[in-house]
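File shown: query_6.cif (mmCIF, C-alpha atoms).
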```cif
data_start
loop_
_atom_site.label_atom_id
_atom_site.label_comp_id
_atom_site.auth_asym_id
_atom_site.auth_seq_id
_atom_site.Cartn_x
_atom_site.Cartn_y
_atom_site.Cartn_z
CA MET A 1 -109.13 -69.74 -96.23
CA LYS A 2 -106.35 -71.38 -94.22
CA ILE A 3 -105.68 -73.92 -96.98
CA LEU A 4 -105.74 -71.11 -99.56
CA GLY A 5 -103.16 -69.24 -97.52
CA HIS A 6 -100.86 -72.26 -97.50
CA VAL A 7 -101.25 -72.70 -101.25
CA THR A 8 -100.49 -69.01 -101.79
CA PHE A 9 -97.35 -69.32 -99.67
CA PHE A 10 -96.04 -72.24 -101.71
CA LEU A 11 -96.73 -70.37 -104.95
CA LEU A 12 -94.74 -67.46 -103.51
CA LEU A 13 -91.78 -69.76 -102.82
CA VAL A 14 -91.91 -71.08 -106.38
CA GLY A 15 -91.96 -67.50 -107.61
CA ILE A 16 -88.90 -66.64 -105.52
CA TRP A 17 -87.00 -69.58 -106.95
CA ALA A 18 -88.02 -68.83 -110.54
CA GLN A 19 -87.11 -65.15 -110.27
CA ASN A 20 -83.69 -65.84 -108.78
CA ASN A 21 -83.04 -68.48 -111.42
CA ARG A 22 -83.89 -65.97 -114.16
CA ASN A 23 -81.64 -63.37 -112.56
CA ALA A 24 -78.82 -65.88 -112.42
CA LYS A 25 -79.25 -66.82 -116.07
CA ALA A 26 -79.22 -63.17 -117.07
CA SER A 27 -75.75 -62.76 -115.67
CA GLY A 28 -74.39 -65.38 -118.08
CA ARG A 29 -71.06 -65.49 -116.31
CA SER A 30 -69.29 -68.57 -115.06
CA THR A 31 -66.44 -68.56 -112.57
CA LYS A 32 -64.34 -71.56 -111.69
CA ARG A 33 -65.45 -72.99 -108.35
CA GLY A 34 -62.82 -72.58 -105.66
CA GLY A 35 -61.69 -75.43 -103.46
CA GLY A 36 -58.99 -76.37 -101.02
CA ALA A 37 -57.50 -79.17 -99.05
CA HIS A 38 -59.13 -80.09 -95.75
CA ALA A 39 -57.02 -80.81 -92.71
CA GLY A 40 -59.40 -83.33 -91.18
CA ARG A 41 -63.00 -84.19 -90.47
CA ALA A 42 -63.25 -81.94 -87.42
CA ALA A 43 -61.83 -78.94 -89.24
CA GLN A 44 -64.17 -79.21 -92.22
CA SER A 45 -67.09 -77.48 -90.57
CA THR A 46 -67.34 -74.04 -92.17
CA PRO A 47 -66.73 -71.30 -89.59
CA ALA A 48 -69.94 -69.49 -88.69
CA ALA A 49 -68.15 -66.32 -87.74
CA ASP A 50 -65.00 -64.45 -88.62
CA SER A 51 -62.70 -64.03 -85.61
CA SER A 52 -61.12 -60.80 -84.59
CA GLN A 53 -57.47 -61.00 -83.59
CA GLY A 54 -57.28 -62.75 -80.21
CA SER A 55 -54.60 -63.34 -77.64
CA GLY A 56 -52.57 -66.53 -77.39
CA ARG A 57 -53.17 -69.42 -75.00
CA SER A 58 -53.20 -68.53 -71.34
CA SER A 59 -53.49 -70.59 -68.20
CA GLY A 60 -56.49 -70.65 -65.92
CA ARG A 61 -59.85 -69.01 -66.48
CA PRO A 62 -59.73 -66.21 -69.08
CA ALA A 63 -60.69 -62.74 -68.02
CA ASP A 64 -64.47 -62.36 -67.78
CA THR A 65 -65.79 -60.04 -70.45
CA ARG A 66 -69.50 -60.11 -69.54
CA GLN A 67 -71.29 -56.82 -69.76
CA ASP A 68 -74.65 -57.18 -68.05
CA SER A 69 -77.39 -54.84 -69.08
CA SER A 70 -80.89 -54.34 -67.85
CA VAL A 71 -83.71 -55.37 -70.15
CA GLY A 72 -85.71 -52.39 -68.96
CA THR A 73 -83.14 -49.89 -70.22
CA ARG A 74 -83.03 -51.23 -73.75
CA ALA A 75 -83.76 -48.89 -76.60
CA ALA A 76 -84.74 -50.19 -80.00
CA GLY A 77 -81.87 -50.43 -82.46
CA GLN A 78 -78.66 -52.25 -83.14
CA GLN A 79 -75.54 -51.34 -81.16
CA THR A 80 -72.72 -53.32 -82.78
CA ASP A 81 -72.01 -55.58 -85.75
CA GLU A 82 -69.82 -57.94 -83.73
CA MET A 83 -70.63 -60.69 -81.27
CA ARG A 84 -68.76 -60.37 -77.97
CA LEU A 85 -67.34 -63.23 -75.94
CA GLN A 86 -68.92 -63.94 -72.56
CA PHE A 87 -67.86 -66.78 -70.29
CA LEU A 88 -70.32 -68.88 -68.32
CA ARG A 89 -71.08 -67.76 -64.78
CA ASN A 90 -70.98 -71.40 -63.69
CA ALA A 91 -67.22 -72.04 -63.64
CA GLN A 92 -67.81 -75.77 -63.09
CA VAL A 93 -69.06 -76.22 -66.68
CA THR A 94 -65.97 -76.07 -68.88
CA CYS A 95 -64.29 -76.97 -72.14
CA ASN A 96 -62.33 -80.25 -72.45
CA ASP A 97 -59.15 -78.80 -70.96
CA GLY A 98 -60.88 -77.18 -68.00
CA SER A 99 -60.85 -73.67 -69.45
CA ALA A 100 -64.05 -71.64 -69.23
CA ALA A 101 -66.84 -72.41 -71.69
CA GLY A 102 -68.77 -69.49 -73.07
CA PHE A 103 -70.67 -67.91 -75.92
CA TYR A 104 -70.61 -64.93 -78.27
CA LEU A 105 -73.56 -62.55 -78.14
CA LYS A 106 -74.75 -59.74 -80.35
CA GLU A 107 -77.81 -58.13 -78.84
CA TYR A 108 -80.36 -56.33 -80.96
CA ARG A 109 -82.03 -54.16 -78.38
CA GLY A 110 -85.79 -54.28 -78.47
CA SER A 111 -85.89 -57.57 -80.38
CA ARG A 112 -87.71 -60.56 -78.89
CA ARG A 113 -86.25 -63.02 -81.38
CA TRP A 114 -83.26 -65.18 -80.50
CA LEU A 115 -81.04 -67.40 -82.64
CA LEU A 116 -78.76 -69.80 -80.73
CA PHE A 117 -76.15 -71.47 -82.93
CA LEU A 118 -74.17 -74.62 -82.06
CA GLU A 119 -70.80 -74.89 -83.79
CA GLY A 120 -69.80 -78.20 -85.42
CA GLY A 121 -66.52 -80.11 -85.54
CA TRP A 122 -67.04 -83.90 -85.15
CA CYS A 123 -65.78 -85.40 -81.85
CA CYS A 124 -63.10 -87.39 -80.04
CA TYR A 125 -63.81 -90.62 -78.19
CA SER A 126 -60.57 -91.92 -76.64
CA LYS A 127 -57.33 -90.65 -75.14
CA GLU A 128 -55.57 -91.10 -78.48
CA THR A 129 -58.16 -89.27 -80.56
CA CYS A 130 -58.58 -86.50 -77.96
CA ASP A 131 -54.82 -85.98 -77.70
CA SER A 132 -54.62 -85.72 -81.48
CA ARG A 133 -57.54 -83.31 -81.58
CA TYR A 134 -56.00 -81.10 -78.90
CA GLN A 135 -52.68 -81.01 -80.74
CA ASN A 136 -54.16 -80.23 -84.15
CA ILE A 137 -57.30 -78.19 -83.42
CA PRO A 138 -57.00 -76.83 -79.85
CA ARG A 139 -59.83 -74.31 -80.28
CA LEU A 140 -62.28 -77.26 -80.34
CA MET A 141 -61.16 -78.30 -76.84
CA SER A 142 -60.09 -75.06 -75.15
CA SER A 143 -61.23 -71.45 -74.87
CA SER A 144 -57.78 -70.10 -74.05
CA GLY A 145 -57.19 -68.87 -77.59
CA TRP A 146 -60.69 -67.61 -78.36
CA PRO A 147 -60.83 -64.02 -79.65
CA GLN A 148 -62.86 -61.41 -77.80
CA THR A 149 -65.19 -60.76 -80.74
CA LYS A 150 -66.57 -62.53 -83.79
CA ARG A 151 -68.33 -61.24 -86.85
CA GLY A 152 -71.11 -63.55 -87.99
CA THR A 153 -71.70 -64.76 -91.54
CA GLY A 154 -74.73 -66.18 -93.32
CA ILE A 155 -77.63 -66.57 -90.90
CA LEU A 156 -75.44 -65.09 -88.13
CA SER A 157 -74.62 -61.93 -90.07
CA SER A 158 -75.78 -58.54 -88.78
CA LEU A 159 -75.86 -57.17 -92.34
CA ALA A 160 -79.36 -56.85 -93.77
CA GLU A 161 -78.20 -57.48 -97.34
CA GLU A 162 -76.56 -60.76 -96.31
CA ASN A 163 -79.11 -61.89 -93.72
CA PRO A 164 -82.40 -60.09 -94.46
CA HIS A 165 -84.58 -62.06 -92.03
CA TRP A 166 -82.36 -62.53 -88.96
CA HIS A 167 -79.90 -59.62 -88.92
CA ASN A 168 -82.10 -57.82 -86.38
CA ALA A 169 -82.43 -60.74 -83.94
CA ASN A 170 -80.37 -61.44 -80.83
CA LEU A 171 -77.59 -63.70 -82.17
CA VAL A 172 -75.76 -66.22 -79.99
CA PHE A 173 -72.82 -68.27 -81.28
CA ILE A 174 -71.86 -71.13 -78.92
CA PRO A 175 -68.33 -72.40 -79.67
CA TYR A 176 -67.83 -76.17 -79.67
CA CYS A 177 -65.17 -77.10 -77.12
CA SER A 178 -66.58 -80.29 -75.58
CA SER A 179 -65.87 -82.79 -78.42
CA ASP A 180 -69.00 -84.83 -77.56
CA VAL A 181 -71.52 -83.88 -80.28
CA TRP A 182 -73.12 -81.62 -77.65
CA SER A 183 -74.30 -84.64 -75.66
CA GLY A 184 -71.91 -84.85 -72.70
CA THR A 185 -72.71 -84.54 -69.01
CA ALA A 186 -69.46 -86.08 -67.70
CA GLU A 187 -67.52 -84.34 -64.96
CA TYR A 188 -64.28 -84.95 -66.86
CA SER A 189 -64.95 -81.95 -69.07
CA PHE A 190 -67.21 -83.50 -71.72
CA MET A 191 -70.05 -81.10 -71.02
CA GLY A 192 -71.67 -80.13 -74.32
CA SER A 193 -75.26 -80.51 -73.14
CA LEU A 194 -74.47 -78.74 -69.87
CA ILE A 195 -72.87 -75.82 -71.74
CA ILE A 196 -76.13 -75.26 -73.66
CA ARG A 197 -78.09 -75.30 -70.38
CA GLU A 198 -75.76 -72.76 -68.76
CA VAL A 199 -75.77 -70.46 -71.80
CA ILE A 200 -79.56 -70.18 -71.56
CA LYS A 201 -79.28 -69.43 -67.83
CA ASP A 202 -76.79 -66.65 -68.56
CA LEU A 203 -79.09 -65.18 -71.21
CA ILE A 204 -81.88 -64.60 -68.68
CA PRO A 205 -80.55 -61.13 -67.70
CA LYS A 206 -80.29 -60.35 -71.40
CA GLY A 207 -84.01 -60.87 -71.93
CA ILE A 208 -84.47 -64.40 -73.25
CA LYS A 209 -87.38 -64.92 -70.82
CA GLN A 210 -89.30 -62.31 -72.84
CA ALA A 211 -88.51 -63.99 -76.17
CA LYS A 212 -91.26 -64.67 -78.67
CA VAL A 213 -89.09 -66.78 -80.95
CA VAL A 214 -86.06 -68.95 -80.12
CA VAL A 215 -84.28 -70.86 -82.87
CA LEU A 216 -81.68 -73.47 -81.92
CA ALA A 217 -79.51 -73.90 -85.02
CA GLY A 218 -76.32 -75.75 -85.84
CA THR A 219 -74.16 -77.16 -88.60
CA SER A 220 -72.55 -80.62 -88.88
CA ALA A 221 -71.94 -81.93 -85.33
CA GLY A 222 -73.72 -78.82 -84.11
CA ALA A 223 -76.75 -79.80 -86.18
CA THR A 224 -76.77 -83.23 -84.55
CA GLY A 225 -76.52 -81.32 -81.27
CA VAL A 226 -79.72 -79.48 -82.18
CA LEU A 227 -81.53 -82.81 -82.65
CA LEU A 228 -80.19 -84.10 -79.33
CA ASN A 229 -80.96 -80.96 -77.29
CA ILE A 230 -84.00 -79.23 -78.79
CA GLU A 231 -86.44 -80.91 -76.39
CA ARG A 232 -84.34 -80.02 -73.34
CA VAL A 233 -84.00 -76.41 -74.49
CA ALA A 234 -87.77 -76.13 -75.00
CA SER A 235 -88.41 -77.61 -71.54
CA GLN A 236 -85.88 -75.31 -69.88
CA LEU A 237 -87.42 -72.22 -71.46
CA GLN A 238 -90.89 -73.40 -70.49
CA ARG A 239 -89.78 -73.78 -66.87
CA LEU A 240 -88.51 -70.20 -66.99
CA GLY A 241 -92.04 -69.11 -67.83
CA THR A 242 -91.38 -67.97 -71.37
CA GLU A 243 -94.04 -68.41 -74.03
CA ALA A 244 -91.48 -68.41 -76.83
CA GLN A 245 -91.91 -70.63 -79.85
CA VAL A 246 -88.86 -72.92 -79.91
CA ARG A 247 -87.79 -74.34 -83.26
CA GLY A 248 -84.74 -76.19 -84.55
CA LEU A 249 -82.69 -75.59 -87.70
CA VAL A 250 -80.54 -78.63 -88.54
CA ASP A 251 -77.91 -78.04 -91.26
CA SER A 252 -75.88 -81.04 -92.52
CA GLY A 253 -76.22 -83.15 -89.39
CA TRP A 254 -78.41 -85.88 -90.89
CA PHE A 255 -75.93 -88.74 -91.30
CA LEU A 256 -76.41 -92.36 -92.31
CA GLU A 257 -74.59 -95.36 -90.89
CA SER A 258 -71.45 -96.44 -92.73
CA LYS A 259 -71.59 -99.23 -95.32
CA GLN A 260 -68.03 -100.39 -94.64
CA GLN A 261 -67.12 -103.13 -92.21
CA ARG A 262 -64.23 -102.02 -90.01
CA SER A 263 -62.70 -103.00 -86.72
CA PRO A 264 -64.70 -101.41 -83.85
CA ASN A 265 -61.42 -100.84 -81.97
CA CYS A 266 -60.41 -97.96 -84.21
CA PRO A 267 -57.42 -96.00 -82.91
CA GLU A 268 -57.88 -92.98 -85.20
CA THR A 269 -60.86 -90.81 -86.00
CA ILE A 270 -60.55 -91.37 -89.75
CA SER A 271 -60.47 -95.16 -89.33
CA CYS A 272 -63.66 -95.24 -87.27
CA THR A 273 -67.20 -95.38 -88.59
CA PRO A 274 -69.56 -92.75 -87.14
CA GLU A 275 -71.54 -95.39 -85.27
CA ASP A 276 -68.42 -96.93 -83.70
CA ALA A 277 -67.13 -93.50 -82.70
CA ILE A 278 -70.45 -92.68 -81.04
CA LYS A 279 -70.65 -96.07 -79.30
CA ILE A 280 -67.20 -95.60 -77.76
CA GLY A 281 -67.67 -91.89 -77.10
CA LEU A 282 -71.00 -92.22 -75.29
CA ARG A 283 -69.33 -94.05 -72.43
CA LEU A 284 -66.52 -91.48 -72.22
CA TRP A 285 -68.84 -88.48 -72.44
CA ASN A 286 -71.66 -89.83 -70.28
CA GLY A 287 -73.71 -88.67 -73.25
CA VAL A 288 -77.46 -88.12 -73.00
CA VAL A 289 -80.09 -88.56 -75.70
CA PRO A 290 -83.76 -87.50 -75.73
CA ASP A 291 -85.87 -89.64 -73.40
CA ARG A 292 -88.41 -90.84 -75.95
CA CYS A 293 -85.70 -92.10 -78.28
CA ARG A 294 -83.71 -93.70 -75.46
CA GLN A 295 -86.77 -95.72 -74.46
CA LEU A 296 -86.86 -97.34 -77.90
CA TYR A 297 -83.47 -99.03 -77.48
CA LYS A 298 -81.99 -101.33 -74.92
CA ARG A 299 -79.08 -100.25 -72.76
CA GLY A 300 -75.94 -99.86 -74.86
CA GLU A 301 -77.90 -99.13 -78.05
CA GLU A 302 -78.57 -95.46 -77.30
CA TRP A 303 -76.01 -94.52 -79.96
CA GLN A 304 -78.73 -95.00 -82.56
CA CYS A 305 -80.38 -91.79 -81.32
CA PHE A 306 -77.47 -89.78 -82.77
CA PHE A 307 -78.79 -90.54 -86.28
CA GLY A 308 -81.56 -88.20 -87.41
CA HIS A 309 -83.52 -90.79 -89.35
CA ARG A 310 -83.91 -92.78 -86.11
CA LEU A 311 -84.37 -89.84 -83.73
CA TYR A 312 -86.64 -87.49 -85.69
CA SER A 313 -89.95 -89.32 -85.20
CA THR A 314 -89.55 -89.24 -81.41
CA LEU A 315 -89.21 -85.44 -81.20
CA THR A 316 -92.13 -83.10 -80.61
CA SER A 317 -90.40 -79.80 -81.39
CA ALA A 318 -90.77 -78.32 -84.89
CA LEU A 319 -87.62 -78.81 -86.96
CA PHE A 320 -86.38 -77.66 -90.34
CA ILE A 321 -83.82 -80.00 -91.90
CA VAL A 322 -81.23 -78.77 -94.43
CA GLN A 323 -79.28 -81.65 -95.92
CA TRP A 324 -77.26 -82.03 -99.09
CA LEU A 325 -78.12 -85.32 -100.79
CA PHE A 326 -74.44 -85.78 -101.62
CA ASP A 327 -72.92 -84.68 -98.33
CA GLU A 328 -69.13 -84.41 -98.48
CA GLU A 329 -68.68 -85.61 -94.90
CA GLN A 330 -70.83 -88.66 -95.51
CA LEU A 331 -68.64 -89.46 -98.52
CA ARG A 332 -65.45 -89.02 -96.50
CA VAL A 333 -66.71 -91.60 -94.02
CA GLU A 334 -66.45 -94.03 -96.94
CA ASN A 335 -63.01 -92.63 -97.94
CA ILE A 336 -64.42 -90.92 -101.02
CA TYR A 337 -62.79 -87.55 -101.72
CA MET A 338 -64.24 -85.82 -104.75
CA GLY A 339 -61.68 -84.09 -106.96
CA GLY A 340 -58.67 -85.49 -105.18
CA GLN A 341 -58.50 -89.00 -106.57
CA SER A 342 -59.81 -91.25 -109.28
CA LEU A 343 -62.88 -93.15 -108.18
CA SER A 344 -63.68 -96.80 -108.73
CA GLU A 345 -66.92 -97.98 -110.28
CA GLU A 346 -67.99 -99.21 -106.85
CA GLN A 347 -67.42 -95.73 -105.35
CA TRP A 348 -69.38 -94.05 -108.12
CA GLN A 349 -72.23 -96.44 -107.47
CA TYR A 350 -72.11 -95.62 -103.76
CA ILE A 351 -72.35 -91.90 -104.58
CA GLN A 352 -75.43 -92.45 -106.73
CA ASN A 353 -77.06 -94.66 -104.10
CA LEU A 354 -76.26 -92.17 -101.33
CA GLY A 355 -78.50 -89.49 -102.84
CA VAL A 356 -81.39 -91.95 -103.05
CA GLU A 357 -80.87 -93.24 -99.51
CA ILE A 358 -80.66 -89.79 -97.91
CA LYS A 359 -83.72 -88.66 -99.85
CA ASN A 360 -85.65 -91.72 -98.69
CA SER A 361 -84.55 -91.19 -95.08
CA LEU A 362 -86.04 -87.67 -95.22
CA ARG A 363 -89.40 -88.87 -96.54
CA ASP A 364 -91.25 -88.41 -93.23
CA VAL A 365 -89.67 -85.08 -92.33
CA SER A 366 -92.26 -82.29 -92.22
CA ALA A 367 -89.99 -79.47 -93.44
CA VAL A 368 -86.86 -80.27 -95.40
CA PHE A 369 -84.59 -78.60 -97.96
CA ALA A 370 -82.44 -81.25 -99.66
CA PRO A 371 -80.54 -80.00 -102.74
CA SER A 372 -79.14 -82.68 -105.01
CA CYS A 373 -75.64 -81.22 -104.79
CA LEU A 374 -72.21 -82.02 -103.40
CA SER A 375 -71.38 -79.88 -100.34
CA HIS A 376 -71.44 -79.73 -96.54
CA THR A 377 -73.22 -77.03 -94.47
CA LEU A 378 -75.05 -74.02 -95.86
CA ILE A 379 -76.58 -71.55 -93.43
CA THR A 380 -73.36 -69.81 -92.36
CA LYS A 381 -71.76 -69.58 -95.81
CA ARG A 382 -71.32 -66.16 -97.28
CA ASP A 383 -69.23 -66.16 -100.45
CA SER A 384 -69.56 -69.71 -101.77
CA PHE A 385 -71.27 -70.13 -105.12
CA PHE A 386 -73.21 -73.13 -106.35
CA ARG A 387 -73.52 -74.16 -109.97
CA VAL A 388 -76.93 -74.90 -111.47
CA THR A 389 -75.67 -75.57 -115.01
CA ASP A 390 -72.28 -75.33 -116.67
CA HIS A 391 -72.89 -71.64 -117.38
CA VAL A 392 -75.03 -70.40 -114.51
CA ARG A 393 -73.98 -69.81 -110.92
CA PHE A 394 -75.56 -67.94 -108.02
CA PRO A 395 -74.75 -67.19 -104.39
CA PRO A 396 -76.74 -69.13 -101.79
CA HIS A 397 -78.35 -66.06 -100.24
CA MET A 398 -80.18 -65.47 -103.55
CA LEU A 399 -82.20 -68.63 -103.13
CA PHE A 400 -81.08 -71.18 -100.57
CA LEU A 401 -80.83 -69.06 -97.42
CA ASP A 402 -83.88 -67.00 -98.35
CA LEU A 403 -85.92 -70.14 -98.96
CA ILE A 404 -84.87 -71.58 -95.59
CA THR A 405 -85.67 -68.41 -93.67
CA GLN A 406 -89.05 -68.08 -95.42
CA PHE A 407 -89.91 -71.58 -94.29
CA LEU A 408 -88.82 -70.73 -90.74
CA ILE A 409 -91.10 -67.70 -90.77
CA PHE A 410 -93.93 -69.97 -91.93
CA LEU A 411 -93.24 -72.49 -89.16
CA PHE A 412 -93.29 -69.73 -86.56
CA SER A 413 -96.56 -68.28 -87.85
CA THR A 414 -98.63 -71.47 -87.72
CA SER A 415 -98.84 -74.83 -85.99
CA PHE A 416 -99.55 -76.47 -89.35
CA HIS A 417 -96.83 -78.99 -90.23
CA VAL A 418 -95.72 -78.38 -93.79
CA ARG A 419 -94.53 -81.19 -96.01
CA ALA A 420 -91.85 -79.45 -98.07
CA ALA A 421 -90.75 -81.12 -101.28
CA SER A 422 -87.03 -81.82 -101.55
CA VAL A 423 -85.26 -79.73 -104.15
CA THR A 424 -83.61 -82.40 -106.25
CA HIS A 425 -83.33 -80.78 -109.67
CA LEU A 426 -79.99 -79.03 -109.09
CA THR A 427 -77.16 -80.70 -110.94
CA LEU A 428 -74.39 -82.65 -109.19
CA PHE A 429 -71.04 -81.03 -110.04
#
```

Let me see the file written as structure tokens.
Amino acid sequence: MKILGHVTFFLLLVGIWAQNNRNAKASGRSTKRGGGAHAGRAAQSTPAADSSQGSGRSSGRPADTRQDSSVGTRAAGQQTDEMRLQFLRNAQVTCNDGSAAGFYLKEYRGSRRWLLFLEGGWCCYSKETCDSRYQNIPRLMSSSGWPQTKRGTGILSSLAEENPHWHNANLVFIPYCSSDVWSGTAEYSFMGSLIIREVIKDLIPKGIKQAKVVVLAGTSAGATGVLLNIERVASQLQRLGTEAQVRGLVDSGWFLESKQQRSPNCPETISCTPEDAIKIGLRLWNGVVPDRCRQLYKRGEEWQCFFGHRLYSTLTSALFIVQWLFDEEQLRVENIYMGGQSLSEEQWQYIQNLGVEIKNSLRDVSAVFAPSCLSHTLITKRDSFFRVTDHVRFPPHMLFLDLITQFLIFLFSTSFHVRAASVTHLTLF
């Protein structure tokens, strides 16, 4: 009966895909896909929440906006559509510039499900790259300009029509202000891993100890942060006495090493390969990686644990991987910008090979959704449309997000490890 149930579930997924595809074809309309220039690798992570108007930069610790509430006084039902900013109680764990780290929380009173989201935004790994980052994208290094509220999108939305499976969960958005791929434990304000630890501590009065389900999710650098921290989060929650199922959702954080040979002494972020940036950054951040992966490599080689295809097999927590086979950020590492320049034959060949290599690197992943499309990040997108043919388009929540959340529900309902087939029949546009 158990096997029959699994087969029935997969048939249901196929039915969902087929029905949405038919609905999309029925529309028969085609709209030109929007695009825009990107300011830099760190800025290319799609925002997971819309910001309300916030105040300008201020000195010192921002005013504390925490509003503690007793779990015992909760009544079932949603109170607000917005996530509210709360700063960490532990003032010693900060953003890069020493300003208070924090998180945005939207409670759904009565719910025992929690979604913790790690924001992405690449990293900095030297004085030069950190100075440039602070000048160009200060919100990724300081909380002084953070707004008081955010409205979530995609899997962080509180709207049932946009987020049918998770709108009624407790939603936590953790802004990225440590520039260390969520790995840092250094006292000089590279504290990404420590920020995650303190957020969970601060959620205890909010009821996370009573959670049944906790999802640690992230996009881009935040997704790599999920891979690096999922075991520590599960252990921390276990020590608190919770019986929650802890799962990870990794969106567009599954990178491959660069093919180009470059000088390891790279002065700028764009001139540095991901592996060289991580090698240099690890020393600056005092970065930590999961113990089982660290034991596989000699001292100085821990940087390899930042790459999912090397780290995944050492993790015990259940993970769902979302990864575009033609990831835009992976292409930018090789100085390939689609639509903005003519490409050489060698670059076109790299693009074709990239899809095969990423697909092969995901072969041993138990649950994976890998569309054969050109994009970067998915789960927080709201209005982007993806083309299936030249004449058919559909929004991601019609298929992609629903498929992902259905798989998450399946992972939470059983200890069986599903081997999900990669979706590779969507056309590259």

For each of A:Val93, A:Cys305, A:Val289, A:Ala367, take the minimum atom-to-atom distance to A:Tyr188, counting all atoms listed in the file, then give the residue where this is smallest.
->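 Residue with the minimum atom-to-atom distance to A:Tyr188: A:Val93.
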
Got a sec to resolve the PyMOL selection byres ((chain A and resi 197-211) around 7) on this structure and send the residues as a count of residues only?
-> 19

Might you spell out which residues the PyMOL selection byres ((chain A and resi 172) around 12) would select in the displayed file, as a ChimeraX atom specification?
-> /A:48-49,82-86,102-108,113-119,149-152,155-158,166-167,169-171,173-175,196,199-200,202-203,206,208,214-218

Hey, which of A:Gly120, A:Gly154, A:Gly145, A:Pro290 ends up closest to A:Thr380? Count only C-alpha atoms.
->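 When distances to A:Thr380 are compared using only C-alpha atoms, the smallest one comes from A:Gly154.
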
Counting all atoms listed in the file, the residue of A:Trp348, A:Thr273, A:Glu161, A:Leu140 that sits nearest A:Gly192 = A:Leu140

Of the candidates A:Glu301, A:Gly98, A:Ile321, A:Gly121, which shows the shortest atom-to-atom distance to A:Leu378, using only C-alpha atoms?
-> A:Ile321

Output the residue selection produced by the PyMOL selection byres ((chain A and resi 324-331) around 6) on the file above, formatted as a PyMOL selection string.
-> chain A and resi 323+332-334+336+355+358+370-376

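Considering the residues A:Thr314, A:Asn335, A:Arg239, A:Gly222 and counting all atoms listed in the file, A:Lys259 has its shortest atom-to-atom contact with A:Asn335.
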
Counting only C-alpha atoms, closest pick from A:Ala221, A:Cys123, A:Leu284, A:Ile351 relative to A:Thr185 is A:Leu284

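Going from atom CA of A:Ser189 over to atom CA of A:Gly287, you cover 11.8 Å.
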